[in-house]
file model-v3.txt (compact mmCIF, C-alpha atoms)
# COMPACT_ATOMS: atom_id res chain seq x y z
CA MET P 196 32.76 14.02 -43.88
CA ILE P 197 30.58 14.19 -47.02
CA LYS P 198 32.10 10.93 -48.31
CA ILE P 199 31.37 9.21 -45.00
CA PHE P 200 27.79 10.52 -45.04
CA CYS P 201 27.22 9.27 -48.61
CA PHE P 202 28.71 5.89 -47.76
CA ILE P 203 26.25 5.52 -44.87
CA LEU P 204 23.35 6.40 -47.14
CA PHE P 205 24.47 3.87 -49.74
CA TYR P 206 24.95 1.19 -47.09
CA PHE P 207 21.35 1.54 -45.94
CA GLY P 208 19.97 1.47 -49.45
CA LEU P 209 19.43 5.17 -50.12
CA GLY P 210 22.08 6.30 -52.62
CA PHE P 211 22.55 9.69 -54.29
CA HIS P 212 19.14 9.50 -55.96
CA SER P 213 17.42 9.90 -52.61
CA ILE P 214 19.73 12.74 -51.59
CA ILE P 215 18.65 14.68 -54.66
CA LEU P 216 14.98 13.88 -54.19
CA ALA P 217 15.10 14.92 -50.54
CA GLN P 218 15.96 18.43 -51.65
CA ASN P 219 12.66 18.65 -53.55
CA SER P 220 10.54 16.21 -51.60
CA ASP P 221 7.12 17.40 -52.75
CA SER P 222 7.98 16.12 -56.24
CA LEU P 223 8.56 12.59 -54.93
CA PRO P 224 6.27 9.86 -56.22
CA LEU P 225 4.34 8.56 -53.22
CA ASN P 226 6.18 5.21 -53.26
CA ASN P 227 9.51 7.06 -52.82
CA TYR P 228 8.27 8.65 -49.60
CA ARG P 229 9.30 6.87 -46.37
CA VAL P 230 7.49 7.25 -43.08
CA LEU P 231 7.93 6.21 -39.48
CA ALA P 232 4.77 4.52 -38.20
CA SER P 233 3.62 3.40 -34.78
CA HIS P 234 2.35 -0.13 -34.14
CA ASN P 235 -0.97 -0.62 -32.31
CA SER P 236 -0.97 3.16 -32.09
CA TYR P 237 -4.01 3.47 -29.80
CA LYS P 238 -2.65 1.15 -27.10
CA LYS P 239 -1.81 2.06 -23.51
CA ARG P 240 0.52 0.03 -21.32
CA PRO P 241 -1.34 -2.60 -19.29
CA ASP P 242 -1.60 -2.15 -15.57
CA THR P 243 1.37 -3.72 -13.79
CA LYS P 244 -1.08 -5.93 -11.87
CA VAL P 245 -2.27 -7.40 -15.16
CA ILE P 246 1.27 -8.13 -16.38
CA ARG P 247 2.15 -9.63 -13.00
CA PHE P 248 -0.91 -11.88 -13.03
CA LEU P 249 -0.34 -13.08 -16.60
CA THR P 250 3.32 -13.77 -15.90
CA ARG P 251 2.28 -16.35 -13.31
CA PHE P 252 1.01 -18.44 -16.24
CA LYS P 253 3.96 -17.80 -18.52
CA LYS P 254 4.80 -21.49 -18.97
CA GLN P 255 1.23 -22.44 -19.82
CA LEU P 256 0.92 -19.57 -22.32
CA GLY P 257 4.09 -20.56 -24.19
CA ALA P 258 6.92 -18.45 -25.54
CA ALA P 259 4.83 -17.01 -28.37
CA ASN P 260 2.38 -15.54 -25.82
CA ASP P 261 4.85 -14.29 -23.23
CA PRO P 262 3.05 -11.46 -21.35
CA ILE P 263 6.13 -9.24 -21.51
CA GLN P 264 5.30 -8.73 -25.20
CA LEU P 265 2.21 -6.74 -24.15
CA ASP P 266 4.16 -4.34 -21.95
CA TYR P 267 4.24 -1.29 -24.20
CA GLY P 268 1.99 1.67 -24.95
CA HIS P 269 1.63 4.84 -26.98
CA LEU P 270 0.94 8.54 -26.66
CA PRO P 271 -2.32 10.04 -28.00
CA LEU P 272 -2.19 10.43 -31.78
CA PRO P 273 -1.66 14.23 -31.93
CA LYS P 274 1.40 13.87 -29.69
CA GLN P 275 2.78 11.17 -31.98
CA PHE P 276 2.22 13.34 -35.06
CA ASP P 277 3.51 16.59 -33.60
CA ASP P 278 6.36 15.50 -31.34
CA TYR P 279 7.71 12.43 -33.19
CA ASN P 280 6.68 13.04 -36.80
CA ILE P 281 4.75 9.78 -36.94
CA ARG P 282 3.02 9.49 -40.32
CA GLY P 283 1.66 5.96 -40.12
CA ILE P 284 -0.57 4.39 -37.49
CA GLU P 285 -2.24 1.05 -36.80
CA ILE P 286 -5.73 0.66 -35.35
CA ASP P 287 -7.32 -2.65 -34.28
CA VAL P 288 -11.08 -2.64 -34.81
CA ASN P 289 -13.42 -5.09 -33.10
CA TYR P 290 -16.91 -5.60 -34.51
CA ASP P 291 -19.71 -4.88 -32.02
CA PRO P 292 -22.95 -4.55 -34.03
CA LYS P 293 -25.33 -4.47 -31.03
CA GLY P 294 -23.09 -2.74 -28.49
CA GLY P 295 -21.97 -3.95 -25.08
CA LEU P 296 -19.84 -6.86 -26.28
CA TYR P 297 -16.65 -5.35 -24.86
CA GLU P 298 -17.98 -3.48 -21.84
CA LYS P 299 -16.41 -5.99 -19.43
CA ARG P 300 -12.79 -6.94 -18.92
CA LYS P 301 -13.08 -10.43 -17.56
CA LEU P 302 -9.42 -10.90 -16.64
CA ASN P 303 -10.01 -8.38 -13.86
CA MET P 304 -12.24 -10.87 -12.04
CA PHE P 305 -8.97 -12.49 -10.90
CA ILE P 306 -7.17 -9.26 -9.95
CA PHE P 307 -7.93 -7.52 -6.66
CA GLY P 308 -8.92 -3.87 -7.05
CA LYS P 309 -9.48 -3.96 -10.80
CA ARG P 310 -12.99 -3.18 -12.05
CA GLN P 311 -14.47 -5.47 -14.70
CA LYS P 312 -17.10 -3.20 -16.20
CA VAL P 313 -16.26 -0.12 -18.26
CA LYS P 314 -18.74 2.56 -17.19
CA ASP P 315 -18.35 4.71 -20.30
CA PRO P 316 -21.73 4.63 -22.13
CA ARG P 317 -19.98 4.52 -25.53
CA MET P 318 -19.15 0.88 -24.87
CA ASN P 319 -22.88 0.05 -25.03
CA LEU P 320 -23.41 1.68 -28.42
CA PRO P 321 -23.24 -0.29 -31.68
CA GLY P 322 -20.05 0.26 -33.61
CA PHE P 323 -16.39 -0.70 -33.70
CA LYS P 324 -14.37 -0.84 -30.51
CA VAL P 325 -10.61 -0.29 -30.34
CA LEU P 326 -8.54 -2.66 -28.21
CA HIS P 327 -5.73 -5.16 -28.64
CA ILE P 328 -6.89 -8.40 -26.98
CA ALA P 329 -10.43 -8.59 -25.64
CA ASP P 330 -10.71 -9.17 -21.87
CA VAL P 331 -6.91 -9.22 -21.51
CA ASP P 332 -5.01 -6.32 -23.14
CA TYR P 333 -7.70 -3.68 -23.26
CA GLU P 334 -6.12 -0.37 -22.16
CA THR P 335 -6.61 2.16 -24.95
CA ASN P 336 -6.47 5.89 -25.63
CA TYR P 337 -9.62 5.51 -27.76
CA LEU P 338 -12.54 3.25 -26.87
CA THR P 339 -14.21 3.50 -30.28
CA PHE P 340 -13.10 3.78 -33.88
CA LYS P 341 -15.16 6.95 -34.26
CA GLU P 342 -13.04 8.60 -31.55
CA VAL P 343 -9.94 7.82 -33.60
CA LEU P 344 -11.52 9.30 -36.73
CA TYR P 345 -12.51 12.50 -34.91
CA GLU P 346 -8.98 12.80 -33.53
CA LEU P 347 -7.61 12.47 -37.07
CA ILE P 348 -9.88 15.03 -38.70
CA ASN P 349 -9.41 17.54 -35.88
CA TRP P 350 -5.63 17.28 -36.14
CA SER P 351 -5.75 17.45 -39.93
CA ASP P 352 -7.87 20.60 -39.85
CA LEU P 353 -5.14 22.24 -37.76
CA HIS P 354 -2.45 21.05 -40.21
CA PRO P 355 -4.17 21.16 -43.63
CA GLN P 356 -0.96 20.62 -45.64
CA HIS P 357 0.35 17.69 -43.61
CA THR P 358 2.10 14.88 -45.43
CA PRO P 359 -0.21 11.89 -45.91
CA ILE P 360 -0.99 9.65 -42.94
CA PHE P 361 -1.03 5.90 -43.63
CA ILE P 362 -3.63 4.12 -41.47
CA ASN P 363 -3.27 0.37 -41.07
CA ILE P 364 -6.65 -1.09 -40.08
CA GLU P 365 -6.59 -4.58 -38.57
CA ALA P 366 -9.99 -6.25 -38.38
CA LYS P 367 -9.87 -8.51 -35.32
CA GLY P 368 -11.62 -11.83 -35.79
CA SER P 369 -10.45 -13.86 -32.80
CA ASN P 370 -10.48 -13.39 -29.03
CA PRO P 371 -9.07 -15.60 -26.24
CA ALA P 372 -12.57 -17.08 -25.79
CA ASP P 373 -12.44 -18.31 -29.40
CA GLU P 374 -9.37 -20.37 -28.48
CA SER P 375 -10.49 -21.63 -25.08
CA LYS P 376 -13.83 -23.16 -24.08
CA PHE P 377 -12.81 -22.72 -20.45
CA LEU P 378 -12.45 -18.93 -20.88
CA LYS P 379 -15.77 -18.80 -22.70
CA ARG P 380 -17.46 -20.50 -19.72
CA LEU P 381 -15.90 -17.88 -17.45
CA GLY P 382 -17.60 -15.15 -19.47
CA PHE P 383 -14.80 -14.11 -21.82
CA LYS P 384 -16.33 -12.90 -25.10
CA LYS P 385 -15.93 -14.54 -28.48
CA ALA P 386 -15.28 -12.23 -31.43
CA ILE P 387 -17.90 -11.52 -34.07
CA SER P 388 -16.35 -12.17 -37.46
CA PHE P 389 -16.23 -9.53 -40.14
CA ASP P 390 -18.49 -10.12 -43.12
CA GLU P 391 -19.47 -7.88 -46.02
CA LYS P 392 -22.06 -6.11 -43.86
CA ALA P 393 -19.45 -5.41 -41.16
CA TYR P 394 -17.07 -3.96 -43.71
CA GLN P 395 -19.83 -1.85 -45.20
CA LEU P 396 -20.53 -0.44 -41.74
CA LEU P 397 -16.82 0.20 -41.25
CA ASP P 398 -16.74 2.12 -44.53
CA GLU P 399 -19.75 4.13 -43.40
CA GLU P 400 -18.07 5.08 -40.12
CA ILE P 401 -15.05 6.38 -42.04
CA PHE P 402 -17.14 8.35 -44.53
CA SER P 403 -19.39 9.72 -41.77
CA ILE P 404 -16.47 11.59 -40.19
CA LEU P 405 -13.80 12.06 -42.85
CA PRO P 406 -14.77 13.98 -46.03
CA LYS P 407 -14.06 11.97 -49.17
CA ASP P 408 -11.60 14.58 -50.38
CA LYS P 409 -9.48 13.85 -47.27
CA ILE P 410 -9.09 10.17 -48.22
CA PHE P 411 -6.81 8.85 -50.95
CA GLN P 412 -9.05 5.98 -52.09
CA PRO P 413 -8.37 2.99 -54.35
CA GLU P 414 -10.34 4.71 -57.13
CA SER P 415 -8.05 7.74 -56.76
CA LEU P 416 -5.11 5.50 -57.66
CA LYS P 417 -6.83 3.37 -60.31
CA MET P 418 -8.31 6.36 -62.16
CA ASN P 419 -9.46 5.30 -65.66
CA TYR P 420 -7.11 2.32 -65.93
CA SER P 421 -8.36 -1.28 -66.02
CA SER P 422 -6.66 -2.07 -62.70
CA ILE P 423 -4.35 -0.59 -60.09
CA SER P 424 -1.51 -2.68 -61.50
CA ASN P 425 -2.09 -1.20 -64.94
CA ARG P 426 -2.00 2.32 -63.49
CA LEU P 427 1.23 1.67 -61.59
CA GLU P 428 2.94 0.15 -64.63
CA ASN P 429 1.95 2.96 -66.97
CA GLU P 430 1.88 6.06 -64.82
CA GLY P 431 3.28 5.15 -61.42
CA TRP P 432 2.17 6.64 -58.12
CA PRO P 433 0.91 10.22 -57.77
CA LEU P 434 3.34 12.81 -56.47
CA LEU P 435 3.60 13.49 -52.76
CA ARG P 436 2.41 17.07 -53.26
CA ASP P 437 -0.85 15.75 -54.72
CA CYS P 438 -1.52 13.75 -51.53
CA LEU P 439 -0.94 16.44 -48.91
CA GLY P 440 -3.60 16.65 -46.23
CA LYS P 441 -4.90 13.15 -46.98
CA PHE P 442 -5.34 9.85 -45.17
CA ILE P 443 -4.59 6.48 -46.75
CA PHE P 444 -6.32 3.44 -45.22
CA ILE P 445 -4.98 -0.10 -45.73
CA LEU P 446 -6.90 -3.11 -44.44
CA GLU P 447 -5.71 -6.45 -43.06
CA GLY P 448 -7.18 -9.11 -40.80
CA ASP P 449 -10.36 -11.11 -40.57
CA ASN P 450 -12.03 -12.22 -43.83
CA VAL P 451 -10.47 -9.43 -45.88
CA GLN P 452 -11.26 -11.43 -49.00
CA VAL P 453 -14.90 -10.31 -48.70
CA TYR P 454 -13.87 -6.65 -48.82
CA ASN P 455 -14.75 -6.39 -52.50
CA GLN P 456 -12.03 -4.50 -54.32
CA ILE P 457 -13.80 -4.76 -57.69
CA ASN P 458 -15.85 -1.85 -56.41
CA MET P 459 -13.15 0.78 -55.96
CA VAL P 460 -15.49 3.34 -54.38
CA ARG P 461 -14.35 2.28 -50.93
CA PRO P 462 -12.10 4.11 -48.48
CA MET P 463 -9.59 1.32 -47.88
CA PHE P 464 -6.93 -0.47 -49.86
CA VAL P 465 -6.22 -4.10 -48.94
CA TYR P 466 -2.76 -5.55 -48.38
CA GLY P 467 -2.20 -8.05 -51.15
CA GLN P 468 0.25 -10.01 -53.27
CA PRO P 469 1.89 -8.94 -56.55
CA GLU P 470 -0.20 -11.40 -58.57
CA ASN P 471 -3.39 -9.55 -57.61
CA VAL P 472 -4.03 -6.81 -60.19
CA ASN P 473 -5.47 -4.48 -57.55
CA THR P 474 -2.60 -4.73 -55.08
CA ALA P 475 -0.95 -1.45 -54.16
CA PHE P 476 0.30 -2.23 -50.62
CA ILE P 477 2.23 -5.28 -49.43
CA LEU P 478 2.85 -6.44 -45.85
CA LYS P 479 6.30 -7.80 -45.00
CA ASN P 480 6.51 -7.52 -41.23
CA ASP P 481 9.85 -9.32 -40.83
CA PRO P 482 12.58 -7.57 -42.85
CA ILE P 483 15.52 -9.74 -41.71
CA GLY P 484 16.58 -11.90 -44.63
CA ASN P 485 13.94 -10.33 -46.86
CA GLU P 486 15.77 -7.09 -47.69
CA ASP P 487 16.35 -7.86 -51.38
CA GLU P 488 12.80 -9.10 -51.94
CA ILE P 489 11.31 -6.00 -50.31
CA LEU P 490 13.61 -3.68 -52.25
CA LYS P 491 12.38 -5.15 -55.55
CA LEU P 492 8.76 -4.74 -54.49
CA THR P 493 9.19 -1.07 -53.59
CA SER P 494 9.83 -0.09 -57.20
CA LYS P 495 6.12 -0.66 -57.85
CA TYR P 496 4.37 -1.12 -54.49
CA ILE P 497 4.38 0.45 -51.04
CA VAL P 498 5.63 -2.03 -48.43
CA ARG P 499 5.08 -1.96 -44.69
CA THR P 500 7.54 -3.66 -42.33
CA ARG P 501 8.45 -3.54 -38.64
CA SER P 502 11.64 -2.48 -36.88
CA ASP P 503 10.78 -4.22 -33.60
CA ALA P 504 8.15 -6.49 -32.08
CA GLY P 505 6.95 -7.65 -28.70
CA THR P 506 9.33 -5.37 -26.72
CA ILE P 507 12.22 -7.76 -27.55
CA GLU P 508 14.45 -5.29 -29.38
CA SER P 509 13.95 -2.64 -26.72
CA ARG P 510 14.83 -5.04 -23.91
CA ASN P 511 18.03 -6.06 -25.74
CA ASN P 512 18.82 -2.65 -27.26
CA ASP P 513 18.98 -4.50 -30.58
CA TYR P 514 18.88 -2.50 -33.83
CA ASN P 515 19.45 -5.39 -36.26
CA ARG P 516 15.82 -5.59 -37.30
CA PHE P 517 15.69 -1.84 -37.86
CA TYR P 518 18.87 -1.94 -39.95
CA ALA P 519 17.27 -4.65 -42.10
CA ALA P 520 14.05 -2.64 -42.40
CA TRP P 521 15.94 0.49 -43.42
CA LYS P 522 18.16 -1.34 -45.90
CA SER P 523 15.12 -3.03 -47.48
CA GLY P 524 13.74 0.30 -48.67
CA ALA P 525 10.30 -0.44 -47.18
CA GLN P 526 8.34 2.80 -47.26
CA ILE P 527 6.45 2.28 -43.98
CA ILE P 528 8.54 1.23 -40.97
CA SER P 529 6.44 0.51 -37.90
CA THR P 530 7.73 0.69 -34.32
CA ASP P 531 6.64 0.72 -30.70
CA TYR P 532 9.66 2.87 -29.83
CA TYR P 533 9.63 6.26 -31.51
CA LYS P 534 10.00 7.20 -27.83
CA PRO P 535 12.39 5.05 -25.77
CA ASP P 536 11.15 3.04 -22.81
CA LEU P 537 13.89 3.72 -20.29
CA ARG P 538 12.75 0.81 -18.12
CA PHE P 539 14.47 -1.39 -20.71
CA SER P 540 17.10 0.63 -22.62
CA ASN P 541 17.68 3.71 -24.77
CA PHE P 542 16.34 1.87 -27.81
CA GLN P 543 14.62 4.40 -30.08
CA ILE P 544 13.65 4.36 -33.74
CA LYS P 545 13.82 7.68 -35.56
CA PHE P 546 14.77 8.94 -39.00

call {"tool": "encode", "arguments": {"input": "model-v3.txt", "output": "structure tokens"}}
result
Amino acid sequence: MIKIFCFILFYFGLGFHSIILAQNSDSLPLNNYRVLASHNSYKKRPDTKVIRFLTRFKKQLGAANDPIQLDYGHLPLPKQFDDYNIRGIEIDVNYDPKGGLYEKRKLNMFIFGKRQKVKDPRMNLPGFKVLHIADVDYETNYLTFKEVLYELINWSDLHPQHTPIFINIEAKGSNPADESKFLKRLGFKKAISFDEKAYQLLDEEIFSILPKDKIFQPESLKMNYSSISNRLENEGWPLLRDCLGKFIFILEGDNVQVYNQINMVRPMFVYGQPENVNTAFILKNDPIGNEDEILKLTSKYIVRTRSDAGTIESRNNDYNRFYAAWKSGAQIISTDYYKPDLRFSNFQIKF
């Protein structure tokens, strides 16, 4: 039995080294720590009326925009953390500097019985709103980014020695109205692009709710070295035990190049490429065929990949993408199915 167990571990890229480390996990360097993450972690399943309406236009939308890919949702964050040991999340932030930009859900003008306007007064306040696709896929457990941050700090205060939570922030820079003049004429809202001011405001929202000692920042990794790369080459990552109780933000999305990483006194890392001297995190969402490349990267960087996408694997009960993700050694594996959706299959991703 032990030989069979070890063979399985070797097959999926673990080996004896990880067996030994698992027995003393708090001495792991952070890049040897693997977590299960949820994808679009705030999202609720769309109303069946919305999916039914969108499906009527399936041919016009094209295969890449098949509405069935929106038909998933998540539990509130504390339930994910407590019941499924999720230690990575993804939050989509939409810039709304004046407030009110996302208070209406224009798709509902075509659907009987669905209200367009969100009556919650928070939607009229300036700040960052949390939703997947404006006017279309808008159901969310958290209307604002501040709500997410309060949920995080409240949970963390109850679990002060929790293992670090990786927070993937996607800055949304495009809405359906940006792609279609017709939708814009119907009242669908164009996105407001992220610029340096927007990112400064996003930083301020994070720092206004999370104490700095709860955030593992780029400067915490760089220390006194000339760059993050120099730190990683000479000293490696800090130990897991030195990151307990902390949050680690990583940014992707709209105009991330203006998020100035020369100034390390910011709360978020930025996904980058190995040639950038301040890269610490790398995004490789499709692991199939990229296992060897990802495995090489993980010796220095922390890599995020996905075990499923667009409900496809769940509908087909297909674990091939997860097997590739696991074999690749990627430290953050993101899924929509830490909890199975029994409408489709028993497909479930868990460590």

call {"tool": "atom_distance", "arguments": {"input": "model-v3.txt", "atom1": "CA of Phe340 (chain P)", "atom2": "CA of Val288 (chain P)"}}
result
6.8 Å

call {"tool": "residues_around", "arguments": {"input": "model-v3.txt", "residues": "region 313-324 of chain P", "least_positions_apart": "4", "cutoff": "12 Å", "atoms": "only C-alpha atoms", "output": "ChimeraX atom specification"}}
result
/P:237,286-301,303,309,328-330,333-344,364-367,386-387,389,393-401

call {"tool": "closest_atom_pairs", "arguments": {"input": "model-v3.txt", "of": "region 465-545 of chain P", "to": "region 229-234 of chain P", "cutoff": "12 Å", "atoms": "all atoms listed in the file", "output": "Markdown table"}}
result
| residue | atom | partner | partner_atom | distance |
| --- | --- | --- | --- | --- |
| P:Asn480 | CA | P:His234 | CA | 11.1 |
| P:Thr493 | CA | P:Arg229 | CA | 10.7 |
| P:Ile497 | CA | P:Arg229 | CA | 9.3 |
| P:Val498 | CA | P:Arg229 | CA | 9.8 |
| P:Arg499 | CA | P:Ala232 | CA | 9.2 |
| P:Thr500 | CA | P:Ala232 | CA | 9.6 |
| P:Arg501 | CA | P:His234 | CA | 8.3 |
| P:Ser502 | CA | P:Leu231 | CA | 9.8 |
| P:Asp503 | CA | P:His234 | CA | 9.4 |
| P:Ala504 | CA | P:His234 | CA | 8.9 |
| P:Gly505 | CA | P:His234 | CA | 10.4 |
| P:Thr506 | CA | P:His234 | CA | 11.5 |
| P:Phe517 | CA | P:Leu231 | CA | 11.3 |
| P:Ala520 | CA | P:Leu231 | CA | 11.1 |
| P:Trp521 | CA | P:Arg229 | CA | 9.7 |
| P:Ser523 | CA | P:Arg229 | CA | 11.5 |
| P:Gly524 | CA | P:Arg229 | CA | 8.3 |
| P:Ala525 | CA | P:Arg229 | CA | 7.4 |
| P:Gln526 | CA | P:Arg229 | CA | 4.3 |
| P:Ile527 | CA | P:Val230 | CA | 5.2 |
| P:Ile528 | CA | P:Leu231 | CA | 5.2 |
| P:Ser529 | CA | P:Ala232 | CA | 4.4 |
| P:Thr530 | CA | P:Ser233 | CA | 4.9 |
| P:Asp531 | CA | P:His234 | CA | 5.6 |
| P:Tyr532 | CA | P:Ser233 | CA | 7.8 |
| P:Tyr533 | CA | P:Ser233 | CA | 7.4 |
| P:Lys534 | CA | P:Ser233 | CA | 10.2 |
| P:Gln543 | CA | P:Leu231 | CA | 11.7 |
| P:Ile544 | CA | P:Leu231 | CA | 8.3 |
| P:Lys545 | CA | P:Leu231 | CA | 7.2 |

call {"tool": "atom_distance", "arguments": {"input": "model-v3.txt", "atom1": "CA of Gly268 (chain P)", "atom2": "CA of Ile360 (chain P)"}}
result
19.9 Å

call {"tool": "residues_around", "arguments": {"input": "model-v3.txt", "residues": "Arg436 (chain P)", "least_positions_apart": "3", "cutoff": "8 Å", "atoms": "only C-alpha atoms", "output": "list of chain:residue names"}}
result
P:Asp221, P:Ser222, P:Leu223, P:Leu439

call {"tool": "closest_residue", "arguments": {"input": "model-v3.txt", "among": "P:Leu434, P:Leu446, P:Ile507, P:Ile423", "to": "Glu470 (chain P)", "atoms": "all atoms listed in the file"}}
result
P:Ile423

call {"tool": "closest_residue", "arguments": {"input": "model-v3.txt", "among": "P:Leu265, P:Leu537, P:Val451, P:Ile489", "to": "Lys522 (chain P)", "atoms": "all atoms listed in the file"}}
result
P:Ile489

call {"tool": "residues_around", "arguments": {"input": "model-v3.txt", "residues": "Thr474 (chain P)", "least_positions_apart": "5", "cutoff": "9 Å", "atoms": "only C-alpha atoms", "output": "PyMOL selection string"}}
result
chain P and resi 423-424+464-469+496
